[in-house]
$ cat model-v7.tsv   # TSV, N, CA and C atoms
chain	number	residue	atom	x	y	z
K	1	MET	N	37.45	-81.40	-64.88
K	1	MET	CA	37.93	-80.29	-65.66
K	1	MET	C	37.79	-79.02	-64.84
K	2	GLY	N	38.83	-78.24	-64.72
K	2	GLY	CA	38.84	-77.01	-63.95
K	2	GLY	C	38.56	-75.81	-64.83
K	3	VAL	N	39.11	-74.68	-64.45
K	3	VAL	CA	38.94	-73.45	-65.22
K	3	VAL	C	40.31	-72.94	-65.62
K	4	SER	N	40.33	-72.03	-66.57
K	4	SER	CA	41.61	-71.48	-67.02
K	4	SER	C	42.22	-70.62	-65.93
K	5	ALA	N	43.51	-70.39	-66.04
K	5	ALA	CA	44.21	-69.55	-65.07
K	5	ALA	C	43.63	-68.14	-65.07
K	6	LYS	N	43.25	-67.67	-66.24
K	6	LYS	CA	42.68	-66.32	-66.36
K	6	LYS	C	41.34	-66.24	-65.60
K	7	THR	N	40.48	-67.23	-65.76
K	7	THR	CA	39.18	-67.26	-65.08
K	7	THR	C	39.38	-67.39	-63.57
K	8	GLU	N	40.34	-68.25	-63.19
K	8	GLU	CA	40.60	-68.40	-61.76
K	8	GLU	C	41.09	-67.08	-61.17
K	9	ARG	N	41.97	-66.39	-61.86
K	9	ARG	CA	42.48	-65.09	-61.39
K	9	ARG	C	41.35	-64.07	-61.26
K	10	LYS	N	40.45	-64.07	-62.27
K	10	LYS	CA	39.31	-63.16	-62.25
K	10	LYS	C	38.42	-63.46	-61.04
K	11	LEU	N	38.16	-64.74	-60.79
K	11	LEU	CA	37.33	-65.12	-59.65
K	11	LEU	C	38.00	-64.73	-58.32
K	12	ARG	N	39.30	-64.91	-58.23
K	12	ARG	CA	40.01	-64.53	-57.00
K	12	ARG	C	39.97	-63.01	-56.78
K	13	ASP	N	40.17	-62.27	-57.87
K	13	ASP	CA	40.12	-60.80	-57.75
K	13	ASP	C	38.73	-60.34	-57.32
K	14	VAL	N	37.71	-60.94	-57.94
K	14	VAL	CA	36.33	-60.59	-57.58
K	14	VAL	C	36.04	-60.99	-56.14
K	15	MET	N	36.53	-62.16	-55.73
K	15	MET	CA	36.32	-62.61	-54.36
K	15	MET	C	36.93	-61.61	-53.39
K	16	ASP	N	38.15	-61.17	-53.65
K	16	ASP	CA	38.79	-60.17	-52.78
K	16	ASP	C	37.98	-58.88	-52.74
K	17	ARG	N	37.46	-58.48	-53.90
K	17	ARG	CA	36.68	-57.25	-53.97
K	17	ARG	C	35.38	-57.39	-53.18
K	18	LEU	N	34.69	-58.51	-53.34
K	18	LEU	CA	33.45	-58.74	-52.61
K	18	LEU	C	33.70	-58.80	-51.10
K	19	LEU	N	34.75	-59.50	-50.71
K	19	LEU	CA	35.05	-59.61	-49.28
K	19	LEU	C	35.45	-58.27	-48.68
K	20	ALA	N	35.98	-57.38	-49.52
K	20	ALA	CA	36.33	-56.04	-49.05
K	20	ALA	C	35.12	-55.10	-49.06
K	21	GLY	N	33.97	-55.61	-49.55
K	21	GLY	CA	32.77	-54.79	-49.56
K	21	GLY	C	32.73	-53.77	-50.67
K	22	LYS	N	33.34	-54.11	-51.82
K	22	LYS	CA	33.39	-53.18	-52.95
K	22	LYS	C	32.85	-53.83	-54.22
K	23	PRO	N	31.56	-54.19	-54.23
K	23	PRO	CA	31.00	-54.82	-55.43
K	23	PRO	C	30.86	-53.81	-56.56
K	24	GLN	N	30.89	-54.31	-57.77
K	24	GLN	CA	30.71	-53.44	-58.94
K	24	GLN	C	29.51	-53.86	-59.78
K	25	HIS	N	29.14	-55.14	-59.73
K	25	HIS	CA	28.08	-55.63	-60.60
K	25	HIS	C	27.00	-56.42	-59.86
K	26	SER	N	26.95	-56.30	-58.54
K	26	SER	CA	25.95	-57.04	-57.76
K	26	SER	C	25.58	-56.21	-56.54
K	27	ASP	N	24.70	-56.78	-55.71
K	27	ASP	CA	24.28	-56.07	-54.50
K	27	ASP	C	25.30	-56.17	-53.37
K	28	GLY	N	26.36	-56.94	-53.57
K	28	GLY	CA	27.45	-57.01	-52.59
K	28	GLY	C	27.30	-58.10	-51.54
K	29	ARG	N	26.14	-58.79	-51.53
K	29	ARG	CA	26.00	-59.88	-50.57
K	29	ARG	C	27.02	-60.96	-50.88
K	30	LEU	N	27.48	-61.64	-49.85
K	30	LEU	CA	28.52	-62.66	-50.03
K	30	LEU	C	27.88	-64.00	-50.37
K	31	THR	N	27.47	-64.10	-51.64
K	31	THR	CA	26.88	-65.34	-52.15
K	31	THR	C	27.68	-65.80	-53.36
K	32	LYS	N	27.60	-67.08	-53.63
K	32	LYS	CA	28.30	-67.62	-54.80
K	32	LYS	C	27.71	-67.06	-56.09
K	33	ASN	N	26.41	-66.83	-56.09
K	33	ASN	CA	25.79	-66.23	-57.29
K	33	ASN	C	26.40	-64.85	-57.57
K	34	ASN	N	26.60	-64.06	-56.51
K	34	ASN	CA	27.21	-62.74	-56.71
K	34	ASN	C	28.67	-62.87	-57.14
K	35	LEU	N	29.36	-63.89	-56.65
K	35	LEU	CA	30.74	-64.13	-57.07
K	35	LEU	C	30.79	-64.36	-58.58
K	36	ALA	N	29.89	-65.21	-59.07
K	36	ALA	CA	29.85	-65.49	-60.51
K	36	ALA	C	29.43	-64.24	-61.28
K	37	GLN	N	28.44	-63.54	-60.79
K	37	GLN	CA	27.95	-62.33	-61.47
K	37	GLN	C	29.03	-61.26	-61.54
K	38	GLU	N	29.73	-61.04	-60.44
K	38	GLU	CA	30.79	-60.03	-60.41
K	38	GLU	C	31.92	-60.40	-61.39
K	39	ALA	N	32.21	-61.70	-61.49
K	39	ALA	CA	33.30	-62.15	-62.37
K	39	ALA	C	32.86	-62.23	-63.83
K	40	GLY	N	31.55	-62.18	-64.04
K	40	GLY	CA	31.06	-62.27	-65.41
K	40	GLY	C	31.18	-63.67	-65.98
K	41	VAL	N	31.04	-64.67	-65.13
K	41	VAL	CA	31.11	-66.07	-65.58
K	41	VAL	C	29.82	-66.76	-65.18
K	42	SER	N	29.56	-67.89	-65.79
K	42	SER	CA	28.36	-68.65	-65.44
K	42	SER	C	28.57	-69.36	-64.11
K	43	SER	N	27.46	-69.77	-63.51
K	43	SER	CA	27.55	-70.53	-62.26
K	43	SER	C	28.30	-71.84	-62.48
K	44	ALA	N	28.08	-72.47	-63.64
K	44	ALA	CA	28.76	-73.73	-63.94
K	44	ALA	C	30.27	-73.53	-63.97
K	45	THR	N	30.71	-72.43	-64.61
K	45	THR	CA	32.15	-72.14	-64.66
K	45	THR	C	32.69	-71.89	-63.26
K	46	MET	N	31.95	-71.12	-62.48
K	46	MET	CA	32.40	-70.83	-61.12
K	46	MET	C	32.53	-72.12	-60.31
K	47	PHE	N	31.56	-73.02	-60.43
K	47	PHE	CA	31.60	-74.25	-59.65
K	47	PHE	C	32.73	-75.18	-60.07
K	48	ARG	N	33.29	-74.99	-61.27
K	48	ARG	CA	34.45	-75.79	-61.69
K	48	ARG	C	35.74	-75.25	-61.07
K	49	ALA	N	35.72	-74.03	-60.54
K	49	ALA	CA	36.90	-73.43	-59.91
K	49	ALA	C	36.95	-73.89	-58.45
K	50	LYS	N	37.28	-75.15	-58.24
K	50	LYS	CA	37.25	-75.78	-56.91
K	50	LYS	C	38.16	-75.08	-55.91
K	51	ALA	N	39.35	-74.67	-56.32
K	51	ALA	CA	40.30	-74.04	-55.40
K	51	ALA	C	39.75	-72.70	-54.90
K	52	VAL	N	39.16	-71.93	-55.80
K	52	VAL	CA	38.60	-70.63	-55.43
K	52	VAL	C	37.43	-70.84	-54.48
K	53	LEU	N	36.56	-71.78	-54.79
K	53	LEU	CA	35.40	-72.05	-53.94
K	53	LEU	C	35.82	-72.57	-52.57
K	54	ALA	N	36.91	-73.32	-52.51
K	54	ALA	CA	37.39	-73.79	-51.20
K	54	ALA	C	37.81	-72.60	-50.34
K	55	VAL	N	38.52	-71.64	-50.93
K	55	VAL	CA	38.91	-70.44	-50.19
K	55	VAL	C	37.67	-69.65	-49.78
K	56	TRP	N	36.72	-69.51	-50.72
K	56	TRP	CA	35.47	-68.79	-50.45
K	56	TRP	C	34.73	-69.42	-49.28
K	57	ASP	N	34.54	-70.74	-49.34
K	57	ASP	CA	33.81	-71.45	-48.28
K	57	ASP	C	34.51	-71.33	-46.94
K	58	THR	N	35.83	-71.42	-46.94
K	58	THR	CA	36.59	-71.29	-45.69
K	58	THR	C	36.38	-69.90	-45.09
K	59	HIS	N	36.46	-68.89	-45.92
K	59	HIS	CA	36.27	-67.52	-45.43
K	59	HIS	C	34.86	-67.33	-44.88
K	60	ILE	N	33.87	-67.80	-45.60
K	60	ILE	CA	32.48	-67.65	-45.17
K	60	ILE	C	32.25	-68.42	-43.87
K	61	ASP	N	32.81	-69.63	-43.78
K	61	ASP	CA	32.66	-70.42	-42.55
K	61	ASP	C	33.33	-69.73	-41.36
K	62	THR	N	34.46	-69.08	-41.60
K	62	THR	CA	35.22	-68.43	-40.53
K	62	THR	C	34.63	-67.08	-40.15
K	63	HIS	N	34.29	-66.27	-41.14
K	63	HIS	CA	33.89	-64.89	-40.87
K	63	HIS	C	32.39	-64.62	-41.02
K	64	GLY	N	31.66	-65.58	-41.51
K	64	GLY	CA	30.23	-65.37	-41.74
K	64	GLY	C	29.99	-64.77	-43.11
K	65	SER	N	28.72	-64.69	-43.45
K	65	SER	CA	28.38	-64.22	-44.79
K	65	SER	C	28.01	-62.74	-44.84
K	66	LEU	N	28.26	-62.02	-43.76
K	66	LEU	CA	27.96	-60.59	-43.75
K	66	LEU	C	29.17	-59.79	-44.23
K	67	THR	N	28.90	-58.82	-45.06
K	67	THR	CA	29.97	-57.90	-45.44
K	67	THR	C	30.20	-56.93	-44.29
K	68	ALA	N	31.27	-56.17	-44.37
K	68	ALA	CA	31.55	-55.18	-43.32
K	68	ALA	C	30.41	-54.18	-43.22
K	69	GLY	N	29.86	-53.78	-44.36
K	69	GLY	CA	28.74	-52.83	-44.36
K	69	GLY	C	27.49	-53.42	-43.72
K	70	GLU	N	27.23	-54.70	-44.01
K	70	GLU	CA	26.07	-55.35	-43.41
K	70	GLU	C	26.25	-55.50	-41.90
K	71	ALA	N	27.46	-55.83	-41.47
K	71	ALA	CA	27.73	-55.96	-40.04
K	71	ALA	C	27.53	-54.61	-39.34
K	72	ARG	N	28.02	-53.53	-39.96
K	72	ARG	CA	27.82	-52.18	-39.40
K	72	ARG	C	26.33	-51.84	-39.35
K	73	ARG	N	25.64	-52.16	-40.43
K	73	ARG	CA	24.20	-51.90	-40.49
K	73	ARG	C	23.48	-52.64	-39.36
K	74	ASP	N	23.80	-53.92	-39.18
K	74	ASP	CA	23.16	-54.70	-38.13
K	74	ASP	C	23.49	-54.14	-36.75
K	75	ALA	N	24.73	-53.71	-36.55
K	75	ALA	CA	25.11	-53.11	-35.26
K	75	ALA	C	24.35	-51.81	-35.05
K	76	ASP	N	24.21	-51.01	-36.11
K	76	ASP	CA	23.45	-49.76	-36.01
K	76	ASP	C	21.98	-50.03	-35.67
K	77	ILE	N	21.42	-51.05	-36.31
K	77	ILE	CA	20.03	-51.41	-36.04
K	77	ILE	C	19.87	-51.85	-34.59
K	78	ASP	N	20.80	-52.67	-34.09
K	78	ASP	CA	20.74	-53.10	-32.69
K	78	ASP	C	20.83	-51.90	-31.75
K	79	ASP	N	21.72	-50.96	-32.07
K	79	ASP	CA	21.87	-49.76	-31.24
K	79	ASP	C	20.59	-48.93	-31.27
K	80	LEU	N	20.00	-48.77	-32.44
K	80	LEU	CA	18.76	-48.00	-32.55
K	80	LEU	C	17.61	-48.68	-31.82
K	81	ARG	N	17.60	-50.01	-31.84
K	81	ARG	CA	16.56	-50.73	-31.09
K	81	ARG	C	16.71	-50.51	-29.59
K	82	ARG	N	17.96	-50.51	-29.10
K	82	ARG	CA	18.19	-50.23	-27.67
K	82	ARG	C	17.75	-48.81	-27.33
K	83	GLN	N	18.09	-47.85	-28.20
K	83	GLN	CA	17.68	-46.46	-27.95
K	83	GLN	C	16.17	-46.32	-27.96
K	84	LEU	N	15.50	-47.02	-28.88
K	84	LEU	CA	14.05	-46.96	-28.96
K	84	LEU	C	13.42	-47.54	-27.70
K	85	ALA	N	13.93	-48.67	-27.23
K	85	ALA	CA	13.40	-49.28	-26.01
K	85	ALA	C	13.58	-48.34	-24.83
K	86	SER	N	14.73	-47.70	-24.74
K	86	SER	CA	14.99	-46.75	-23.67
K	86	SER	C	14.03	-45.56	-23.76
K	87	ALA	N	13.83	-45.05	-24.96
K	87	ALA	CA	12.91	-43.92	-25.15
K	87	ALA	C	11.49	-44.31	-24.78
K	88	LYS	N	11.08	-45.53	-25.14
K	88	LYS	CA	9.73	-45.99	-24.78
K	88	LYS	C	9.56	-46.08	-23.27
K	89	ARG	N	10.60	-46.58	-22.57
K	89	ARG	CA	10.53	-46.64	-21.11
K	89	ARG	C	10.41	-45.24	-20.53
K	90	GLU	N	11.19	-44.30	-21.05
K	90	GLU	CA	11.14	-42.92	-20.56
K	90	GLU	C	9.78	-42.30	-20.84
K	91	ILE	N	9.22	-42.53	-22.00
K	91	ILE	CA	7.90	-41.99	-22.34
K	91	ILE	C	6.84	-42.56	-21.40
K	92	THR	N	6.92	-43.84	-21.12
K	92	THR	CA	5.97	-44.47	-20.21
K	92	THR	C	6.05	-43.83	-18.83
K	93	GLU	N	7.26	-43.63	-18.33
K	93	GLU	CA	7.45	-43.00	-17.02
K	93	GLU	C	6.94	-41.56	-17.02
K	94	LEU	N	7.24	-40.82	-18.07
K	94	LEU	CA	6.77	-39.43	-18.15
K	94	LEU	C	5.25	-39.36	-18.25
K	95	ASN	N	4.64	-40.27	-18.97
K	95	ASN	CA	3.17	-40.31	-19.04
K	95	ASN	C	2.57	-40.63	-17.67
K	96	ARG	N	3.21	-41.53	-16.94
K	96	ARG	CA	2.73	-41.85	-15.59
K	96	ARG	C	2.81	-40.62	-14.70
K	97	ARG	N	3.93	-39.91	-14.77
K	97	ARG	CA	4.10	-38.70	-13.95
K	97	ARG	C	3.14	-37.60	-14.39
K	98	LEU	N	2.89	-37.48	-15.68
K	98	LEU	CA	1.95	-36.49	-16.19
K	98	LEU	C	0.54	-36.77	-15.69
K	99	THR	N	0.15	-38.02	-15.72
K	99	THR	CA	-1.17	-38.40	-15.22
K	99	THR	C	-1.30	-38.06	-13.74
K	100	ALA	N	-0.26	-38.33	-12.97
K	100	ALA	CA	-0.28	-38.00	-11.54
K	100	ALA	C	-0.37	-36.49	-11.35
K	101	ALA	N	0.36	-35.73	-12.14
K	101	ALA	CA	0.33	-34.27	-12.02
K	101	ALA	C	-1.06	-33.73	-12.38
K	102	VAL	N	-1.68	-34.27	-13.41
K	102	VAL	CA	-3.02	-33.83	-13.79
K	102	VAL	C	-4.01	-34.09	-12.66
K	103	THR	N	-3.88	-35.23	-12.00
K	103	THR	CA	-4.76	-35.56	-10.89
K	103	THR	C	-4.59	-34.57	-9.74
K	104	VAL	N	-3.36	-34.25	-9.41
K	104	VAL	CA	-3.09	-33.30	-8.33
K	104	VAL	C	-3.61	-31.91	-8.70
K	105	ILE	N	-3.38	-31.49	-9.92
K	105	ILE	CA	-3.84	-30.16	-10.36
K	105	ILE	C	-5.37	-30.11	-10.33
K	106	ALA	N	-6.03	-31.15	-10.75
K	106	ALA	CA	-7.50	-31.19	-10.71
K	106	ALA	C	-7.99	-31.10	-9.27
K	107	SER	N	-7.32	-31.78	-8.37
K	107	SER	CA	-7.70	-31.72	-6.95
K	107	SER	C	-7.50	-30.31	-6.40
K	108	PHE	N	-6.38	-29.67	-6.73
K	108	PHE	CA	-6.13	-28.30	-6.29
K	108	PHE	C	-7.19	-27.34	-6.87
K	109	HIS	N	-7.53	-27.55	-8.12
K	109	HIS	CA	-8.55	-26.70	-8.76
K	109	HIS	C	-9.88	-26.83	-8.04
K	110	HIS	N	-10.26	-28.07	-7.73
K	110	HIS	CA	-11.51	-28.33	-7.01
K	110	HIS	C	-11.49	-27.63	-5.64
K	111	ASP	N	-10.40	-27.84	-4.88
K	111	ASP	CA	-10.28	-27.20	-3.56
K	111	ASP	C	-10.33	-25.68	-3.69
K	112	ASN	N	-9.70	-25.12	-4.69
K	112	ASN	CA	-9.68	-23.68	-4.91
K	112	ASN	C	-11.09	-23.17	-5.19
K	113	GLN	N	-11.85	-23.92	-6.00
K	113	GLN	CA	-13.22	-23.52	-6.30
K	113	GLN	C	-14.06	-23.50	-5.02
K	114	ILE	N	-13.89	-24.50	-4.17
K	114	ILE	CA	-14.63	-24.56	-2.89
K	114	ILE	C	-14.26	-23.36	-2.02
K	115	LEU	N	-12.98	-23.07	-1.90
K	115	LEU	CA	-12.54	-21.94	-1.08
K	115	LEU	C	-13.07	-20.61	-1.63
K	116	ARG	N	-13.10	-20.45	-2.94
K	116	ARG	CA	-13.64	-19.21	-3.52
K	116	ARG	C	-15.14	-19.09	-3.22
K	117	THR	N	-15.86	-20.17	-3.29
K	117	THR	CA	-17.29	-20.14	-3.00
K	117	THR	C	-17.51	-19.77	-1.54
K	118	GLU	N	-16.76	-20.38	-0.65
K	118	GLU	CA	-16.89	-20.07	0.79
K	118	GLU	C	-16.53	-18.62	1.04
K	119	SER	N	-15.52	-18.11	0.38
K	119	SER	CA	-15.09	-16.73	0.58
K	119	SER	C	-16.16	-15.76	0.11
K	120	ASN	N	-16.82	-16.07	-0.98
K	120	ASN	CA	-17.85	-15.18	-1.52
K	120	ASN	C	-19.12	-15.18	-0.67
K	121	THR	N	-19.42	-16.25	0.01
K	121	THR	CA	-20.65	-16.35	0.81
K	121	THR	C	-20.41	-15.98	2.26
K	122	ALA	N	-19.21	-15.84	2.70
K	122	ALA	CA	-18.93	-15.57	4.11
K	122	ALA	C	-19.18	-14.12	4.48
K	123	GLY	N	-19.32	-13.27	3.55
K	123	GLY	CA	-19.55	-11.87	3.86
K	123	GLY	C	-18.24	-11.12	3.89
K	124	THR	N	-18.31	-9.92	4.48
K	124	THR	CA	-17.13	-9.08	4.52
K	124	THR	C	-16.47	-9.16	5.87
K	125	VAL	N	-15.25	-8.94	5.88
K	125	VAL	CA	-14.48	-8.95	7.13
K	125	VAL	C	-14.45	-7.52	7.66
K	126	VAL	N	-14.87	-7.37	8.94
K	126	VAL	CA	-14.86	-6.05	9.56
K	126	VAL	C	-13.76	-6.03	10.61
K	127	PRO	N	-12.88	-5.02	10.55
K	127	PRO	CA	-11.81	-4.99	11.53
K	127	PRO	C	-12.35	-4.60	12.90
K	128	LEU	N	-11.76	-5.13	13.92
K	128	LEU	CA	-12.13	-4.78	15.29
K	128	LEU	C	-11.60	-3.40	15.63
K	129	PRO	N	-12.38	-2.65	16.40
K	129	PRO	CA	-11.86	-1.33	16.77
K	129	PRO	C	-10.68	-1.47	17.69
K	130	THR	N	-9.77	-0.61	17.52
K	130	THR	CA	-8.60	-0.63	18.37
K	130	THR	C	-8.77	0.44	19.46
K	131	GLN	N	-8.25	0.13	20.64
K	131	GLN	CA	-8.30	1.07	21.73
K	131	GLN	C	-7.07	1.96	21.67
K	132	PRO	N	-7.31	3.24	21.92
K	132	PRO	CA	-6.15	4.12	21.90
K	132	PRO	C	-5.24	3.84	23.08
K	133	ARG	N	-4.03	3.99	22.91
K	133	ARG	CA	-3.05	3.74	23.98
K	133	ARG	C	-2.97	4.95	24.86
K	134	ALA	N	-2.89	4.69	26.09
K	134	ALA	CA	-2.84	5.79	27.02
K	134	ALA	C	-1.45	6.20	27.37
$ encode --input "model-v7.tsv" --output "C-alpha cells"
Amino acid sequence: MGVSAKTERKLRDVMDRLLAGKPQHSDGRLTKNNLAQEAGVSSATMFRAKAVLAVWDTHIDTHGSLTAGEARRDADIDDLRRQLASAKREITELNRRLTAAVTVIASFHHDNQILRTESNTAGTVVPLPTQPRA
C-alpha cells in the first residue's frame, strides 16, 4: 500500500525545499526524519512513499547529506583552521625572534654597564698641551 497523490506531492515539495536548504519545520539536516517532520506526516507514512524515498536516496547518495549551508559552514571551518595554523606558526616564529632580541638587548645592557663603570673609575681625561705654531 502506497500513499495518496496529495501526500506524495507534499513529500516531493518538502524534499525540494529541504534540498534547497529552506526548511520551515526542522533543523534543515537532510534526514528522512526531517522529511517526514517538514511534510507533517508520520515516519510510517513517509516510508510507504517508495517513489519519493527512491529519489531522496539517489540524491543523498549522489550529493551527500550536507545542505548547501552545511557545506559552506564546513568550508569556512576548514579555512579558519588553516588561518589559525598559519597564525600559530607566525606567533611561534615571532616569539623565537623576540626571545633572541631580549637576549641581545640583555647582553648590550650588561656591556653598557661595564663600560659605564670603567668610565667612572678611569678618572678624567686631560688634554695634551698644544705647541704654538711658528
$ residues_near_point --input "model-v7.tsv" --point "(35.3, -67.7, -60.8)" --cutoff "8 Å" --atoms "only N, CA and C atoms" --output "PyMOL selection string"
chain K and resi 6-15+35-36+39-42+45-49+52-53
$ atom_distance --input "model-v7.tsv" --atom1 "CA of Ala54 in chain K" --atom2 "CA of Asn33 in chain K"
15.1 Å
$ closest_residue --input "model-v7.tsv" --among "K:Thr130, K:Ile105, K:Asn95, K:Gly21" --to "Glu70 in chain K" --atoms "only N, CA and C atoms"
K:Gly21
$ closest_residue --input "model-v7.tsv" --among "K:Ala100, K:Leu30, K:Ile77, K:Leu128" --to "His59 in chain K" --atoms "only C-alpha atoms"
K:Leu30
$ select_by_dssp --input "model-v7.tsv" --residues "chain K" --states "alpha helix (DSSP H)" --output "PyMOL selection string"
chain K and resi 5-19+32-39+43-48+50-63+68-121
$ atom_distance --input "model-v7.tsv" --atom1 "atom C of Gln83 in chain K" --atom2 "CA of Gly69 in chain K"
21.7 Å
$ residues_around --input "model-v7.tsv" --residues "Leu66 in chain K" --least-positions-apart "2" --cutoff "8 Å" --atoms "all atoms listed in the file" --output "mmCIF file with N, CA and C atoms, keeping the file's coordinate frame"
data_model
loop_
_atom_site.group_PDB
_atom_site.id
_atom_site.type_symbol
_atom_site.label_atom_id
_atom_site.label_comp_id
_atom_site.auth_asym_id
_atom_site.auth_seq_id
_atom_site.Cartn_x
_atom_site.Cartn_y
_atom_site.Cartn_z
ATOM 1 N N LEU K 19 34.750 -59.500 -50.710
ATOM 2 C CA LEU K 19 35.050 -59.610 -49.280
ATOM 3 C C LEU K 19 35.450 -58.270 -48.680
ATOM 4 N N GLY K 28 26.360 -56.940 -53.570
ATOM 5 C CA GLY K 28 27.450 -57.010 -52.590
ATOM 6 C C GLY K 28 27.300 -58.100 -51.540
ATOM 7 N N ARG K 29 26.140 -58.790 -51.530
ATOM 8 C CA ARG K 29 26.000 -59.880 -50.570
ATOM 9 C C ARG K 29 27.020 -60.960 -50.880
ATOM 10 N N LEU K 30 27.480 -61.640 -49.850
ATOM 11 C CA LEU K 30 28.520 -62.660 -50.030
ATOM 12 C C LEU K 30 27.880 -64.000 -50.370
ATOM 13 N N ILE K 60 33.870 -67.800 -45.600
ATOM 14 C CA ILE K 60 32.480 -67.650 -45.170
ATOM 15 C C ILE K 60 32.250 -68.420 -43.870
ATOM 16 N N HIS K 63 34.290 -66.270 -41.140
ATOM 17 C CA HIS K 63 33.890 -64.890 -40.870
ATOM 18 C C HIS K 63 32.390 -64.620 -41.020
ATOM 19 N N GLY K 64 31.660 -65.580 -41.510
ATOM 20 C CA GLY K 64 30.230 -65.370 -41.740
ATOM 21 C C GLY K 64 29.990 -64.770 -43.110
ATOM 22 N N ALA K 68 31.270 -56.170 -44.370
ATOM 23 C CA ALA K 68 31.550 -55.180 -43.320
ATOM 24 C C ALA K 68 30.410 -54.180 -43.220
ATOM 25 N N GLY K 69 29.860 -53.780 -44.360
ATOM 26 C CA GLY K 69 28.740 -52.830 -44.360
ATOM 27 C C GLY K 69 27.490 -53.420 -43.720
ATOM 28 N N GLU K 70 27.230 -54.700 -44.010
ATOM 29 C CA GLU K 70 26.070 -55.350 -43.410
ATOM 30 C C GLU K 70 26.250 -55.500 -41.900
ATOM 31 N N ALA K 71 27.460 -55.830 -41.470
ATOM 32 C CA ALA K 71 27.730 -55.960 -40.040
ATOM 33 C C ALA K 71 27.530 -54.610 -39.340
ATOM 34 N N ARG K 72 28.020 -53.530 -39.960
ATOM 35 C CA ARG K 72 27.820 -52.180 -39.400
ATOM 36 C C ARG K 72 26.330 -51.840 -39.350
#
$ atom_distance --input "model-v7.tsv" --atom1 "atom C of His109 in chain K" --atom2 "atom N of Arg97 in chain K"
20.2 Å
$ closest_residue --input "model-v7.tsv" --among "K:Gly2, K:Pro132, K:Pro23, K:Pro127" --to "Ala51 in chain K" --atoms "all atoms listed in the file"
K:Gly2
$ build_atoms --input "model-v7.tsv" --residues "range 70-83 of chain K" --atoms "N, CA, C and O atoms" --output "PDB file, in the coordinates of the input"
ATOM      1  N   GLU K  70      27.230 -54.700 -44.010  1.00  0.00           N
ATOM      2  CA  GLU K  70      26.070 -55.350 -43.410  1.00  0.00           C
ATOM      3  C   GLU K  70      26.250 -55.500 -41.900  1.00  0.00           C
ATOM      4  O   GLU K  70      25.301 -55.321 -41.135  1.00  0.00           O
ATOM      5  N   ALA K  71      27.460 -55.830 -41.470  1.00  0.00           N
ATOM      6  CA  ALA K  71      27.730 -55.960 -40.040  1.00  0.00           C
ATOM      7  C   ALA K  71      27.530 -54.610 -39.340  1.00  0.00           C
ATOM      8  O   ALA K  71      26.931 -54.538 -38.262  1.00  0.00           O
ATOM      9  N   ARG K  72      28.020 -53.530 -39.960  1.00  0.00           N
ATOM     10  CA  ARG K  72      27.820 -52.180 -39.400  1.00  0.00           C
ATOM     11  C   ARG K  72      26.330 -51.840 -39.350  1.00  0.00           C
ATOM     12  O   ARG K  72      25.837 -51.293 -38.372  1.00  0.00           O
ATOM     13  N   ARG K  73      25.640 -52.160 -40.430  1.00  0.00           N
ATOM     14  CA  ARG K  73      24.200 -51.900 -40.490  1.00  0.00           C
ATOM     15  C   ARG K  73      23.480 -52.640 -39.360  1.00  0.00           C
ATOM     16  O   ARG K  73      22.653 -52.060 -38.652  1.00  0.00           O
ATOM     17  N   ASP K  74      23.800 -53.920 -39.180  1.00  0.00           N
ATOM     18  CA  ASP K  74      23.160 -54.700 -38.130  1.00  0.00           C
ATOM     19  C   ASP K  74      23.490 -54.140 -36.750  1.00  0.00           C
ATOM     20  O   ASP K  74      22.626 -54.096 -35.865  1.00  0.00           O
ATOM     21  N   ALA K  75      24.730 -53.710 -36.550  1.00  0.00           N
ATOM     22  CA  ALA K  75      25.110 -53.110 -35.260  1.00  0.00           C
ATOM     23  C   ALA K  75      24.350 -51.810 -35.050  1.00  0.00           C
ATOM     24  O   ALA K  75      23.883 -51.526 -33.930  1.00  0.00           O
ATOM     25  N   ASP K  76      24.210 -51.010 -36.110  1.00  0.00           N
ATOM     26  CA  ASP K  76      23.450 -49.760 -36.010  1.00  0.00           C
ATOM     27  C   ASP K  76      21.980 -50.030 -35.670  1.00  0.00           C
ATOM     28  O   ASP K  76      21.381 -49.339 -34.850  1.00  0.00           O
ATOM     29  N   ILE K  77      21.420 -51.050 -36.310  1.00  0.00           N
ATOM     30  CA  ILE K  77      20.030 -51.410 -36.040  1.00  0.00           C
ATOM     31  C   ILE K  77      19.870 -51.850 -34.590  1.00  0.00           C
ATOM     32  O   ILE K  77      18.923 -51.434 -33.907  1.00  0.00           O
ATOM     33  N   ASP K  78      20.800 -52.670 -34.090  1.00  0.00           N
ATOM     34  CA  ASP K  78      20.740 -53.100 -32.690  1.00  0.00           C
ATOM     35  C   ASP K  78      20.830 -51.900 -31.750  1.00  0.00           C
ATOM     36  O   ASP K  78      20.083 -51.812 -30.761  1.00  0.00           O
ATOM     37  N   ASP K  79      21.720 -50.960 -32.070  1.00  0.00           N
ATOM     38  CA  ASP K  79      21.870 -49.760 -31.240  1.00  0.00           C
ATOM     39  C   ASP K  79      20.590 -48.930 -31.270  1.00  0.00           C
ATOM     40  O   ASP K  79      20.122 -48.453 -30.231  1.00  0.00           O
ATOM     41  N   LEU K  80      20.000 -48.770 -32.440  1.00  0.00           N
ATOM     42  CA  LEU K  80      18.760 -48.000 -32.550  1.00  0.00           C
ATOM     43  C   LEU K  80      17.610 -48.680 -31.820  1.00  0.00           C
ATOM     44  O   LEU K  80      16.773 -48.010 -31.207  1.00  0.00           O
ATOM     45  N   ARG K  81      17.600 -50.010 -31.840  1.00  0.00           N
ATOM     46  CA  ARG K  81      16.560 -50.730 -31.090  1.00  0.00           C
ATOM     47  C   ARG K  81      16.710 -50.510 -29.590  1.00  0.00           C
ATOM     48  O   ARG K  81      15.716 -50.338 -28.874  1.00  0.00           O
ATOM     49  N   ARG K  82      17.960 -50.510 -29.100  1.00  0.00           N
ATOM     50  CA  ARG K  82      18.190 -50.230 -27.670  1.00  0.00           C
ATOM     51  C   ARG K  82      17.750 -48.810 -27.330  1.00  0.00           C
ATOM     52  O   ARG K  82      17.119 -48.577 -26.298  1.00  0.00           O
ATOM     53  N   GLN K  83      18.090 -47.850 -28.200  1.00  0.00           N
ATOM     54  CA  GLN K  83      17.680 -46.460 -27.950  1.00  0.00           C
ATOM     55  C   GLN K  83      16.170 -46.320 -27.960  1.00  0.00           C
ATOM     56  O   GLN K  83      15.602 -45.600 -27.139  1.00  0.00           O
TER      57      GLN K  83
END
